[in-house]
Amino acid sequence: MTAFAEYVAARGTSLLRLAYLSCGSREEAEDVLQTALERAYRSWHRLRKDVDPEPYVRRIIVNTAINRARRRAVLRFIPMGTLPEVPVAGADAGVELRQVLADGLRLLPPRQRAVVVLRYWEDLTEAQTAETLGCAVGTVKSQTAKALAKLRGLIVMDEVPSDV
Amino acid sequence: MFESSLRQAMAEDTAHLAAAPDLAERVVRRSLRRRRTRHAIAAVVTATALALAGWVLAPREQRVATTPSTTGRLDDVVVRHVPPGLGEPVQGHSGEGRLLAGTLTWGSGADLVRVSRYGGADGLDTPGLMAGGQLTSTRGRQAKISPGGTDLLWSERQGLLLRVTVGANHVAEVRTIAEELQVTDPTGPAGGVVEGLRVSYLPSRLHLESVTMRSDGETAKTWTGAGERQITLTVVRGRHAASLDELAAWSAGDWRNGTRTTVNGRPAYRNGARSRLTGRLWLQEPGVGVVLRMSENLEPEIDRVLAGIVPVPATRGLPLRFEGLTVTHLPPGFTAGQDGGMDGRGRWWTRAGSSVLVEVVKGERARTPQDLAHVSWPTSERFSGLRRTTVGSRPALVGDIVTGTGLSRGRMVLWTARPGYGVRVQVSDDLVNDLMAVARGIQVAPAR
């Protein structure tokens with residue numbers, strides 16, 4: 001088995017999960033992952049043997065997902081910046097809360113979604129996230145803050161006393 | 001706290017995903033194909049023309065190989081991998097020996113792919129089932145395979161046999177189809193729930209093998225997979241879990257030589273080197289101890305598994321007993337049941353526009369599931385798309401509830417626990433995916 005095949009066998013599922021979180025649908029994720037791995041494979045011989053290929057592959061996956069989402073958004077004129085109204089979960093209903101968060105993540109604009117995934121799923125630092133996305137650390141901070149504010153907005157509404 | 005919920009949400013949302021076993025191979029193939037394309041554009045133009053001509057002239061059987069197949073669901077079994085080109089599956093039944101199986105079938109003859117589910121089966125030695133098969137293993141379980149490799153049968157867990165049968169064209173895929181089957185856990189996605197703890201992340205290709213309860217307050221849930229991969233989560237209630245050290249002293253394993261650590265902010269033990277399994281032991285709360293044991297080959301996943309173990313807010317009022325049955329599971333957020341029912345005695349639960357009804361029907365109206373299907377509906381509603389299923393190995397019927405104008409109002413499943421004792425479970429439209437979990441959580445006391 002080649003080094004590339006070994007790497008994909010060991011990390012394929014984790015990479016698929018990253019792709020899925022970055023683009024929000026399984027079909028799209030499988031396509032993004034295959035496209036990204038194809039690009040990585042073409043440059044595999046240039047990677048040093050003692051260097052972990054994961055950051056490189058991760059960068060391709062996330063940026064492929066962002067580019068595709070942007071292209072699609074322009075084609076379809078989806079108002080990605082505004083979250084639609086969705087049912088609100090109770091503060092103690094942990095399962096529903098997480099479902100709301102998972103759905104909310106899909107509705108974030110592509111770069112904000114990528115920042116959240118890299119920071120809270122891949123546990124990257126702000127500097128590593130900035131390097132992966134090819135942007136400034138300040139951009140990562142502001143995009144993270146905006147994304148979390150939107151996600152929090154989905155559940156904070158529940159704390160407003162009801163008129164009933 | 002918020003970030004932790006976000007991480008759990010992402011873990012739950014991706015728990016069902018697994019990369020295809022031949023992913024690297026496909027990537028390499030596609031990449032080589034593109035390289036050739038770049039280097040010989042003119043040749044490719046010609047080749048494309050030839051290929052197009054070939055496609056037009058090719059027999060239909062060869063052409064359909066490029067079209068996808070629709071994956072399917074057979075009761076609690078989700079079929080996630082089917083060779084391409086086989087189209088839509090057909091549901092059916094087949095009898096072999098004393099057993100009746102629910103089946104899902106794609107194609108026929110050499111292109112056949114069939115998944116069979118035998119509920120209430122004793123095990124691989126059930127008389128009449130694949131008598132000439134050779135012993136093998138799949139999904140980390142003992143299995144039997146026919147001499148030609150076209151028929152694979154295994155005991156998924158106690159009382160459930162699964163089988164994959166293929167035609168000559170798909171012999172190479174029989175194990176992949178079996179490995180990719182997902183048997184849903186009625187207590188929830190990923191690892192479901194164990195004694196009030198949700199296991200929201202499990203490594204891929206681990207399958208629920210058993211849940212055991214012991215009289216000393218210990219409940220253990222075990223998942224296994226190919227390559228001797230195993231996870232067991234044990235929840236201990238009572239005096240053995242009064243303190244962390246008492247739990248460590250009582251629990252089997254090399255905790256004494258272990259090191260102190262934390263699990264989700266709680267003090268914990270990491271087991272010593274003499275244990276065969278990797279483990280953590282902690283007190284979820286005084287009186288509730290938890291022990292996680294994993295095979296060594298899963299050690300890289302242990303932090304993610306631990307982070308996904310979260311307490312489930314208890315549904316108040318459960319388990320609820322009435323009319324000889326016990327309701328043990330409802331979707332979260334339902335609190336108190338009210339009396340209700342259409343032809344018998346039941347309980348309604350409501351939650352912000354959602355509803356669940358569990359009803360017991362006795363006597364003549366409950367001799368068979370077909371009798372039970374004659375419901376005294378409000379005049380504007382009716383049953384539609386009735387189909388067979390099983391609940392706890394009992395034959396059952398499930399169908400949609402629609403209004404006179406064709407709008408869906410929910411779904412109902414019904415079965416006779418014994419002649420003259422029927423159970424109906426009805427949920428509103430937003431809870432159709434929870435219906436079977438509620439039904440499977442219903443325990444009917446034996447007749448006196």
# chains A, B, ... in the order shown; residues from 1 in each chain; ligands from 1
call {"tool": "residues_around", "arguments": {"residues": "region 30-39 of chain A", "least_positions_apart": "3", "cutoff": "6 Å", "atoms": "only C-alpha atoms", "output": "ChimeraX atom specification"}}
result
/A:27,42,60-61 /B:27,31
call {"tool": "select_by_dssp", "arguments": {"residues": "region 325-371 of chain B", "states": "strand (DSSP E or B)", "output": "ChimeraX atom specification"}}
result
/B:325-327,338-340,345-351,354-362
call {"tool": "residues_around", "arguments": {"residues": "Leu118 (chain A)", "least_positions_apart": "6", "cutoff": "12 Å", "atoms": "only C-alpha atoms", "output": "ChimeraX atom specification"}}
result
/A:17-19,21-22,55,58-59,61-63,111-112,124-133,140,143-144 /B:7,10
call {"tool": "residues_around", "arguments": {"residues": "Met436 (chain B)", "least_positions_apart": "6", "cutoff": "12 Å", "atoms": "only C-alpha atoms", "output": "NGL selection string"}}
result
:B and (75-76 or 184-188 or 329-331 or 356 or 389-392 or 396-399 or 411-415 or 424-427 or 442)
call {"tool": "closest_residue", "arguments": {"among": "B:Gly420, B:Val402, B:Arg347, B:Thr328", "to": "Leu372 (chain B)", "atoms": "only C-alpha atoms"}}
result
B:Gly420
call {"tool": "interface_residues", "arguments": {"of": "chain A", "to": "chain B", "cutoff": "8 Å", "atoms": "only C-alpha atoms", "output": "ChimeraX atom specification"}}
result
/A:4-5,8-9,12-13,16-17,20-21,34-35,37-38,41-42,92-99,101-102,120-121,152
call {"tool": "write_last_selection", "arguments": {"atoms": "C-alpha atoms", "output": "PDB file, in the first residue's frame"}}
result
ATOM      1  CA  PHE A   4      -1.029   8.104   0.059  1.00  0.00           C
ATOM      2  CA  ALA A   5      -3.368   5.087   0.282  1.00  0.00           C
ATOM      3  CA  VAL A   8      -6.435   8.028   3.181  1.00  0.00           C
ATOM      4  CA  ALA A   9      -7.291   4.693   4.828  1.00  0.00           C
ATOM      5  CA  GLY A  12     -10.509   9.245   5.291  1.00  0.00           C
ATOM      6  CA  THR A  13     -13.429   9.299   7.705  1.00  0.00           C
ATOM      7  CA  LEU A  16     -14.996  13.309   5.232  1.00  0.00           C
ATOM      8  CA  ARG A  17     -16.399  14.708   8.480  1.00  0.00           C
ATOM      9  CA  TYR A  20     -19.261  17.534   5.592  1.00  0.00           C
ATOM     10  CA  LEU A  21     -19.129  20.206   8.288  1.00  0.00           C
ATOM     11  CA  GLN A  34     -12.484  13.463  -3.607  1.00  0.00           C
ATOM     12  CA  THR A  35     -11.553  16.651  -5.446  1.00  0.00           C
ATOM     13  CA  LEU A  37      -7.586  14.410  -2.262  1.00  0.00           C
ATOM     14  CA  GLU A  38      -7.021  14.365  -5.982  1.00  0.00           C
ATOM     15  CA  TYR A  41      -2.293  13.259  -4.599  1.00  0.00           C
ATOM     16  CA  ARG A  42      -0.881  15.214  -7.521  1.00  0.00           C
ATOM     17  CA  ASP A  92     -32.359  22.201  29.098  1.00  0.00           C
ATOM     18  CA  ALA A  93     -33.205  20.296  25.933  1.00  0.00           C
ATOM     19  CA  GLY A  94     -29.579  19.471  25.095  1.00  0.00           C
ATOM     20  CA  VAL A  95     -30.321  17.237  22.155  1.00  0.00           C
ATOM     21  CA  GLU A  96     -32.616  19.750  20.482  1.00  0.00           C
ATOM     22  CA  LEU A  97     -30.160  22.535  21.236  1.00  0.00           C
ATOM     23  CA  ARG A  98     -27.421  20.650  19.425  1.00  0.00           C
ATOM     24  CA  GLN A  99     -29.739  19.966  16.512  1.00  0.00           C
ATOM     25  CA  LEU A 101     -26.699  24.395  16.378  1.00  0.00           C
ATOM     26  CA  ALA A 102     -25.976  21.804  13.691  1.00  0.00           C
ATOM     27  CA  TYR A 120     -14.116  24.139  17.370  1.00  0.00           C
ATOM     28  CA  TRP A 121     -14.020  20.869  15.458  1.00  0.00           C
ATOM     29  CA  ARG A 152     -26.074  32.077  20.043  1.00  0.00           C
TER      30      ARG A 152
END
